[in-house]
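Chemist: If you scroll down you'll find the structure; I have some questions about it.
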Amino acid sequence: MRAAILAKLTYAVGKNPEVASQRDWFIATTLAVRDRIVERWMTSTRATYEAGRKRVYYLSLEFLIGRLLGDALMETGLTEPVRAALAGLGVDLEKLRQIEPDAALGNGGLGRLAACFMESMATLQIAAYGYGIRYDHGLFRQVIKDGWQHEYPENWLAFGNPWEFERPEVDYSVGFGGQVETIEAEDDEVKHIWKPEETVDAVAFDTPVTGWRARHVNTLRLWSARAPDAIRLDAFNQGDHVGALAARVRLEAISKVLYPSDATPAGLELRLRQEYFFVSASLQDIIRRHKQQHGDLRALPEKVAIQLNDTHPAIAIAELMRVLVDLEGFGWDEAWEITTAVFSYTNHTLLPEALESWPVPLMERLLPRHMQIIYLINALHLDLVRSRGEHDGRILSDLSLIDESHGRRVRMGNLAFVGSHKINGVSALHSDLVKRTLFHELDRFYPNRIVNKTNGITFRRWLYEANPGLTALLVDTCGDKVMDDPFALADFETAKDDAGVRDRFAAIRRAKKVELAKIIRERLECKVDPDALFDVQIKRIHEYKRQLLNILEIIALYDAIRANPTGNWVPRVKIFAGKAAASYQQAKLIIKLANDVARLVNRDPAVRGLLKVAFLPNYNVSLAEAIIPAADLSEQISTAGMEASGTGNMKLALNGALTIGTLDGANVEIKDHVGDDNIFIFGLTTEEVDARRRKGLDMADEIGRSPMLEEVLDALESGVFSPGDPARYAGLADAVRHHDYFMVAADFDAYYAKQRAVDARWRDRAAWWRSSIVNTARMGFFSSDRAIAEYASDIWDVPVPPVK
Ligand SMILES: *Cc1c(COP(=O)(O)O)cnc(C)c1O
């Protein structure tokens with residue numbers, strides 16, 4: 001390894017050790033490790049080809065990957081050899097790992113799921129490709145100034161990306177706009193030829209995705225947009241230097257930035273361009289590969305499964321129909337059979353504002369042939385529905401791919417549904433709601449299409465890599481098999497009555513809390529006690545995730561401690577991290593409130609040592625890896641019915657944090673696995689939320705019954721937390737009082753009481769650690785290996801090869 005790293009430093013980076021910077025060493029080390037992976041990669045790719053195996057294609061507009069060096073070292077078993085080799089050269093591996101920028105090509109849970117799934121597909125030796133966009137700028141960098149969020153561009157490619165391989169020869173042309181010409185063919189058939197007005201090239205960049213023990217390596221292929229003509233020389237020579245580049249800049253904007261919003265309607269043409277761009281390039285690639293190997297496109301469903309990660313790639317259904325019918329000469333019915341057999345679709349949300357729909361005029365202008373195809377799909381779909389006796393206009397309009405009620409729009413969810421053979425939700429509760437609400441009517445006419453696939457997380461990153469100390473304890477208590485079989489964690493449970501193991505677990509946690517306390521001190525100039533309870537809420541900032549409920553509880557606790565300073569309080573550190581969408585004003589105000597409350601609480605001598613609040617800026621995968629192993633309590637407090645699954649909840653419970661949460665998303669299944677005694681569940685259920693909303697959103701009754709909440713809202717309204725701007729939180733408080741869609745007031749007292757139950761458990765140290773051990777031990781189900789094995793057998797129809 002030492003020789004390999006030195007050779008890379010010399011011949012690939014072009015430096016000698018005396019002058020090499022930490023970044024030079026990072027690049028040299030990465031290239032040396034990459035060589036080992038490339039060998040496995042080629043073997044895997046060749047073996048898939050030779051066996052003629054079916055391939056899975058995971059289409060996702062987001063891959064929230066994070067750093068790769070630590071991951072690659074762990075998967076290949078090279079961590080210690082490389083650490084030693086570098087030490088011999090006077091270089092610290094940990095420092096190099098910190099230099100790598102996070103690949104933040106996603107907003108949150110959906111993108112992180114895609115990254116975990118890629119890792120598990122490689123681990124299970126499923127032949128798979130991920131397809132997405134190589135954004136020049138990923139999710140924005142969050143800077144907190146005076147408590148407010150500011151967004152700065154993120155520049156992960158600034159120093160190059162040593163993991164990727166550019167493939168200039170893999171280059172497809174993607175069209176936009178223009179006209180559809182119809183010509184009469186000899187046999188009276190009408191042929192449609194799309195003549196796009198402009199084209200852009202999609203260039204491939206490949207990153208190897210290594211599975212556990214590097215048994216198998218798959219490919220993540222990301223597309224970058226290139227204008228066919230780099231420059232208009234005539235304009236340039238006439239002195240118009242900017243104009244000469246204008247067309248190129250406009251076309252290449254497609255892969256410039258990740259769409260910044262998490263859950264708002266994508267109102268921008270650029271977003272639709274991004275979607276079609278990566279779908280078209282990916283399908284061209286898939287079809288080229290299939291034809292080259294198998295020739296006949298009729299065999300496509302036997303060799304190809306395409307998973308749509310949410311509706312962002314759903315235009316692929318119309319695109320495959322266009323390719324088969326217009327370009328390959330298939331009849332409509334046969335093409336439709338192939339298409340529905342190939343595609344499947346994962347639904348990630350029921351929030352109405354996040355259900356994608358595109359204005360028909362925009363579609364007609366940008367993708368005229370696709371719009372025609374969607375109309376035809378819709379006509380045949382509605383014919384089928386009518387032929388089964390459905391004539392109710394309201395139901396027919398609900399089933400239609402075209403929404404006529406908000407101007408005319410294409411419903412991408414309905415398109416994805418009718419074009420797929422399986423549709424899955426991401427937790428048992430969510431899949432049930434998908435079936436009973438969003439796709440209730442579609443489910444009646446296409447029964448047995450909706451299935452559940454509860455999300456999972458890869459234990460390699462979220463346990464072995466993030467928490468080596470706990471991993472070592474698990475190996476010592478359960479044996480080496482825990483490293484290969486997530487369900488072997490179950491054996492850890494017997495250790496809960498072993499005081500020695502409990503003490504070791506506590507010591508491992510404490511060491512991680514000391515590390516996190518250092519990060520908090522460095523980034524926030526705030527000193528926290530590693531022996532306090534670390535209470536963690538880390539996720540996107542969103543009203544439905546209810547960071548506000550958590551902050552109101554902090555204020556109530558703060559008041560209670562000041563009223564009774566000598567009470568038997570459990571010292572707590574409240575830790576927040578998360579980004580708000582740049583245009584989401586209410587979420588940004590909640591960040592400001594967390595910081596305003598932190599400022600007041602952290603410097604108040606009356607509560608010193610008992611309560612601290614820390615908002616860590618710029619939440620990303622790397623920060624999550626630092627926070628999660630240090631968490632005692634995991635906040636999963638969304639309004640019931642609104643969080644589809646959550647995966648942060650799984651990462652935290654796996655690392656032994658106890659959950660305080662609502663009966664929402666995968667919390668329900670976490671409760672089923674760990675048992676009622678080892679989780680703190682509170683609040684309204686989905687049905688109770690619905691019923692409460694039907695009564696209206698004014699919370700006067702609830703607030704009247706809660707002097708504590710009244711006091712908290714009074715404090716907000718009187719400007720206690722915003723002395724320079726007393727009106728700042730008046731709107732926030734007013735919403736809780738009178739338009740409380742998210743049920744903050746309705747759940748407040750139950751939440752406060754449950755937090756006191758958490759305090760009581762914390763005081764009983766043995767009981768706390770017993771619960772903590774049970775949480776880790778029973779998380780096997782939440783491995784993404786389990787989730788992927790279910791997709792493979794129930795949706796993709798690909799075998800999971802036995803481990804060898
Ligand atoms: C896991 C993860 C998420 C998803 O968190 P939830 O709590 O499920 O919303 C978002 N961002 C990052 C960086 C993550 O690692």
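Starting from 1 in every chain, residues are counted up; chains themselves are A, B, ... following the order of the structure tokens, and ligands are numbered from 1 as listed.
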Please identify every polymer residue within 6 Å of ligand 1, using only C-alpha atoms and all ligand atoms, and present the set as an MDAnalysis selection string.

Modeler: chainID A and resid 108:109 112 539 620:621 624 646:649

Chemist: Name the residues in contact with Leu73 (chain A) at a cut-off of 10 Å, using only C-alpha atoms, excluding same-chain residues fewer than 3 positions from it; report them as a PDB file with N, CA and C atoms, in the first residue's frame.

Modeler:
ATOM      1  N   THR A  30      -6.629   7.838  -2.362  1.00  0.00           N
ATOM      2  CA  THR A  30      -7.871   7.442  -3.019  1.00  0.00           C
ATOM      3  C   THR A  30      -7.581   6.681  -4.314  1.00  0.00           C
ATOM      4  N   VAL A  33      -6.414   3.158  -3.538  1.00  0.00           N
ATOM      5  CA  VAL A  33      -7.517   2.290  -3.094  1.00  0.00           C
ATOM      6  C   VAL A  33      -8.435   1.986  -4.286  1.00  0.00           C
ATOM      7  N   ARG A  34      -8.641   2.986  -5.099  1.00  0.00           N
ATOM      8  CA  ARG A  34      -9.528   2.820  -6.253  1.00  0.00           C
ATOM      9  C   ARG A  34      -9.025   1.722  -7.183  1.00  0.00           C
ATOM     10  N   ILE A  37     -10.340  -1.496  -6.176  1.00  0.00           N
ATOM     11  CA  ILE A  37     -11.774  -1.632  -6.439  1.00  0.00           C
ATOM     12  C   ILE A  37     -12.030  -1.861  -7.926  1.00  0.00           C
ATOM     13  N   LEU A  68     -16.507   9.092   0.473  1.00  0.00           N
ATOM     14  CA  LEU A  68     -16.329   7.719  -0.003  1.00  0.00           C
ATOM     15  C   LEU A  68     -15.061   7.025   0.481  1.00  0.00           C
ATOM     16  N   LEU A  69     -14.048   7.772   0.927  1.00  0.00           N
ATOM     17  CA  LEU A  69     -12.781   7.103   1.259  1.00  0.00           C
ATOM     18  C   LEU A  69     -12.950   6.116   2.411  1.00  0.00           C
ATOM     19  N   GLY A  70     -13.546   6.578   3.505  1.00  0.00           N
ATOM     20  CA  GLY A  70     -13.734   5.690   4.657  1.00  0.00           C
ATOM     21  C   GLY A  70     -14.582   4.483   4.285  1.00  0.00           C
ATOM     22  N   THR A  76     -13.443  -2.747   1.534  1.00  0.00           N
ATOM     23  CA  THR A  76     -12.358  -3.568   0.992  1.00  0.00           C
ATOM     24  C   THR A  76     -11.496  -4.168   2.092  1.00  0.00           C
ATOM     25  N   GLY A  77     -11.743  -3.795   3.340  1.00  0.00           N
ATOM     26  CA  GLY A  77     -10.927  -4.305   4.439  1.00  0.00           C
ATOM     27  C   GLY A  77      -9.537  -3.689   4.476  1.00  0.00           C
ATOM     28  N   LEU A  78      -9.394  -2.512   3.859  1.00  0.00           N
ATOM     29  CA  LEU A  78      -8.054  -1.911   3.765  1.00  0.00           C
ATOM     30  C   LEU A  78      -7.804  -0.811   4.797  1.00  0.00           C
ATOM     31  N   THR A  79      -8.758  -0.587   5.699  1.00  0.00           N
ATOM     32  CA  THR A  79      -8.597   0.547   6.625  1.00  0.00           C
ATOM     33  C   THR A  79      -7.268   0.469   7.374  1.00  0.00           C
ATOM     34  N   GLU A  80      -7.003  -0.660   8.005  1.00  0.00           N
ATOM     35  CA  GLU A  80      -5.799  -0.730   8.830  1.00  0.00           C
ATOM     36  C   GLU A  80      -4.514  -0.750   7.994  1.00  0.00           C
ATOM     37  N   PRO A  81      -4.445  -1.538   6.921  1.00  0.00           N
ATOM     38  CA  PRO A  81      -3.238  -1.457   6.084  1.00  0.00           C
ATOM     39  C   PRO A  81      -2.948  -0.035   5.593  1.00  0.00           C
ATOM     40  N   VAL A  82      -3.993   0.678   5.189  1.00  0.00           N
ATOM     41  CA  VAL A  82      -3.766   2.024   4.667  1.00  0.00           C
ATOM     42  C   VAL A  82      -3.381   2.977   5.808  1.00  0.00           C
ATOM     43  N   ARG A  83      -4.010   2.797   6.955  1.00  0.00           N
ATOM     44  CA  ARG A  83      -3.649   3.641   8.094  1.00  0.00           C
ATOM     45  C   ARG A  83      -2.154   3.468   8.423  1.00  0.00           C
ATOM     46  N   THR A 210     -18.974  -0.056  -4.187  1.00  0.00           N
ATOM     47  CA  THR A 210     -18.423  -1.297  -3.649  1.00  0.00           C
ATOM     48  C   THR A 210     -19.357  -1.893  -2.616  1.00  0.00           C
ATOM     49  N   ARG A 213     -17.213  -6.357   1.751  1.00  0.00           N
ATOM     50  CA  ARG A 213     -16.049  -7.206   1.495  1.00  0.00           C
ATOM     51  C   ARG A 213     -15.664  -7.188   0.014  1.00  0.00           C
ATOM     52  N   ALA A 214     -16.135  -6.154  -0.682  1.00  0.00           N
ATOM     53  CA  ALA A 214     -15.801  -5.958  -2.101  1.00  0.00           C
ATOM     54  C   ALA A 214     -16.064  -7.208  -2.936  1.00  0.00           C
ATOM     55  N   GLU A 465     -18.917   1.977  10.150  1.00  0.00           N
ATOM     56  CA  GLU A 465     -18.049   3.098   9.850  1.00  0.00           C
ATOM     57  C   GLU A 465     -18.246   4.222  10.853  1.00  0.00           C
TER      58      GLU A 465
END

Chemist: Among region 434-629 of chain A, which ones does DSSP assign to strand (DSSP E) (computed from the backbone)? Answer as a PyMOL selection string.

Modeler: chain A and resi 450-452+533-538+572-577+611-616

Chemist: Write the residues of the preceding selection, restricted to N, CA, C and O atoms, as a CSV table (one decimal), in the first residue's frame.

Modeler:
chain,number,residue,atom,x,y,z
A,450,ILE,N,-50.1,-2.4,-5.5
A,450,ILE,CA,-49.5,-1.6,-4.4
A,450,ILE,C,-48.9,-2.6,-3.4
A,450,ILE,O,-49.6,-3.5,-2.9
A,451,VAL,N,-47.6,-2.5,-3.1
A,451,VAL,CA,-47.0,-3.3,-2.1
A,451,VAL,C,-46.2,-2.4,-1.1
A,451,VAL,O,-46.0,-1.3,-1.4
A,452,ASN,N,-45.9,-3.0,0.0
A,452,ASN,CA,-45.0,-2.2,1.0
A,452,ASN,C,-43.6,-2.7,0.9
A,452,ASN,O,-43.3,-3.9,0.9
A,533,LEU,N,-27.8,14.3,29.1
A,533,LEU,CA,-28.5,13.5,28.1
A,533,LEU,C,-28.5,14.3,26.7
A,533,LEU,O,-28.9,15.4,26.7
A,534,PHE,N,-28.0,13.6,25.7
A,534,PHE,CA,-27.9,14.3,24.4
A,534,PHE,C,-29.2,13.9,23.6
A,534,PHE,O,-29.4,12.8,23.3
A,535,ASP,N,-30.0,14.9,23.4
A,535,ASP,CA,-31.3,14.8,22.9
A,535,ASP,C,-31.3,15.4,21.5
A,535,ASP,O,-31.0,16.6,21.3
A,536,VAL,N,-31.5,14.6,20.4
A,536,VAL,CA,-31.1,14.9,19.1
A,536,VAL,C,-32.2,15.0,18.1
A,536,VAL,O,-33.0,14.0,18.0
A,537,GLN,N,-32.4,16.1,17.4
A,537,GLN,CA,-33.3,16.2,16.3
A,537,GLN,C,-32.6,16.6,15.0
A,537,GLN,O,-32.3,17.8,14.9
A,538,ILE,N,-32.2,15.7,14.1
A,538,ILE,CA,-31.4,16.1,12.9
A,538,ILE,C,-32.2,15.6,11.7
A,538,ILE,O,-32.4,14.4,11.5
A,572,ARG,N,-29.7,18.2,30.2
A,572,ARG,CA,-29.9,17.9,28.8
A,572,ARG,C,-29.2,18.8,27.9
A,572,ARG,O,-29.1,20.0,28.1
A,573,VAL,N,-28.7,18.2,26.8
A,573,VAL,CA,-28.3,19.1,25.7
A,573,VAL,C,-29.2,18.8,24.5
A,573,VAL,O,-29.3,17.6,24.0
A,574,LYS,N,-29.9,19.8,24.0
A,574,LYS,CA,-30.8,19.7,22.9
A,574,LYS,C,-30.0,20.0,21.6
A,574,LYS,O,-29.5,21.1,21.5
A,575,ILE,N,-29.9,19.1,20.8
A,575,ILE,CA,-29.0,19.2,19.6
A,575,ILE,C,-29.9,19.2,18.3
A,575,ILE,O,-30.7,18.3,18.1
A,576,PHE,N,-29.8,20.2,17.5
A,576,PHE,CA,-30.5,20.3,16.3
A,576,PHE,C,-29.5,20.4,15.1
A,576,PHE,O,-28.4,21.0,15.2
A,577,ALA,N,-29.9,19.9,14.0
A,577,ALA,CA,-29.2,20.2,12.7
A,577,ALA,C,-30.2,19.9,11.6
A,577,ALA,O,-31.1,19.0,11.7
A,611,LEU,N,-29.5,22.7,31.1
A,611,LEU,CA,-30.1,22.8,29.8
A,611,LEU,C,-29.2,23.6,28.8
A,611,LEU,O,-28.8,24.7,29.1
A,612,LYS,N,-28.9,23.0,27.7
A,612,LYS,CA,-28.1,23.7,26.7
A,612,LYS,C,-28.8,23.4,25.3
A,612,LYS,O,-29.4,22.3,25.1
A,613,VAL,N,-28.7,24.3,24.4
A,613,VAL,CA,-29.3,24.2,23.1
A,613,VAL,C,-28.2,24.4,22.0
A,613,VAL,O,-27.5,25.5,22.1
A,614,ALA,N,-28.0,23.5,21.1
A,614,ALA,CA,-27.0,23.7,20.1
A,614,ALA,C,-27.6,23.4,18.7
A,614,ALA,O,-28.1,22.3,18.4
A,615,PHE,N,-27.5,24.4,17.8
A,615,PHE,CA,-28.0,24.2,16.4
A,615,PHE,C,-26.7,24.1,15.6
A,615,PHE,O,-26.0,25.1,15.4
A,616,LEU,N,-26.4,22.9,15.1
A,616,LEU,CA,-25.1,22.7,14.4
A,616,LEU,C,-25.4,23.0,12.9
A,616,LEU,O,-26.3,22.4,12.3

Chemist: Find the distance between CA of Val143 (chain A) and CA of Lys579 (chain A) and write it in Å to one decimal.

Modeler: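 Those two atoms sit 9.7 Å apart.
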
Chemist: Could you check how far CA of Gly683 (chain A) sits from CA of Asp701 (chain A), in Å to one decimal?

Modeler: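 So the two atoms, CA of Gly683 (chain A) and CA of Asp701 (chain A), lie 16.4 Å apart.
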
Chemist: So which residues touch region 310-319 of chain A within 8 Å, counting only C-alpha atoms, skipping near sequence neighbours fewer than 6 positions away, as a ChimeraX atom specification?

Modeler: /A:59-61,275-276,279-280,283,339,343,345-348,356,370,373-374,412-413,415-416,419

Chemist: Which is closest to Pro486 (chain A) among A:Leu64, A:Met779, A:Ile254, A:Ala746, if we use only C-alpha atoms?

Modeler: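 The closest residue to Pro486 (chain A) is A:Met779.
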
Chemist: So, counting only C-alpha atoms, which residue among A:Pro153, A:His216, A:Pro168, A:Pro17 is closest to Glu39 (chain A)?

Modeler: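 The closest residue to Glu39 (chain A) is A:His216.
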
Chemist: For region 708-717 of chain A, work out the shell of residues within 7 Å, counting only C-alpha atoms and skipping chain neighbours fewer than 6 positions away, then give it as a list of chain:residue names.

Modeler: A:Leu552, A:Ile555, A:Ala556, A:Ala727, A:Tyr729, A:Ala730, A:Ala733

Chemist: Could you save those same residues with C-alpha atoms as a PDB file, in the first residue's frame?

Modeler:
ATOM      1  CA  LEU A 552     -41.635  24.919  22.600  1.00  0.00           C
ATOM      2  CA  ILE A 555     -38.996  26.860  26.470  1.00  0.00           C
ATOM      3  CA  ALA A 556     -41.410  25.156  28.870  1.00  0.00           C
ATOM      4  CA  ALA A 727     -43.028  40.904  16.829  1.00  0.00           C
ATOM      5  CA  TYR A 729     -42.597  35.262  16.503  1.00  0.00           C
ATOM      6  CA  ALA A 730     -46.114  36.672  16.739  1.00  0.00           C
ATOM      7  CA  ALA A 733     -47.510  31.762  17.934  1.00  0.00           C
TER       8      ALA A 733
END

Chemist: Go through A:Ala12, A:Ser344, A:Pro726, A:Leu376 and flag the residue nearest Asn309 (chain A), using only C-alpha atoms for the distances.

Modeler: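 Closest to Asn309 (chain A), using only C-alpha atoms: A:Ser344.
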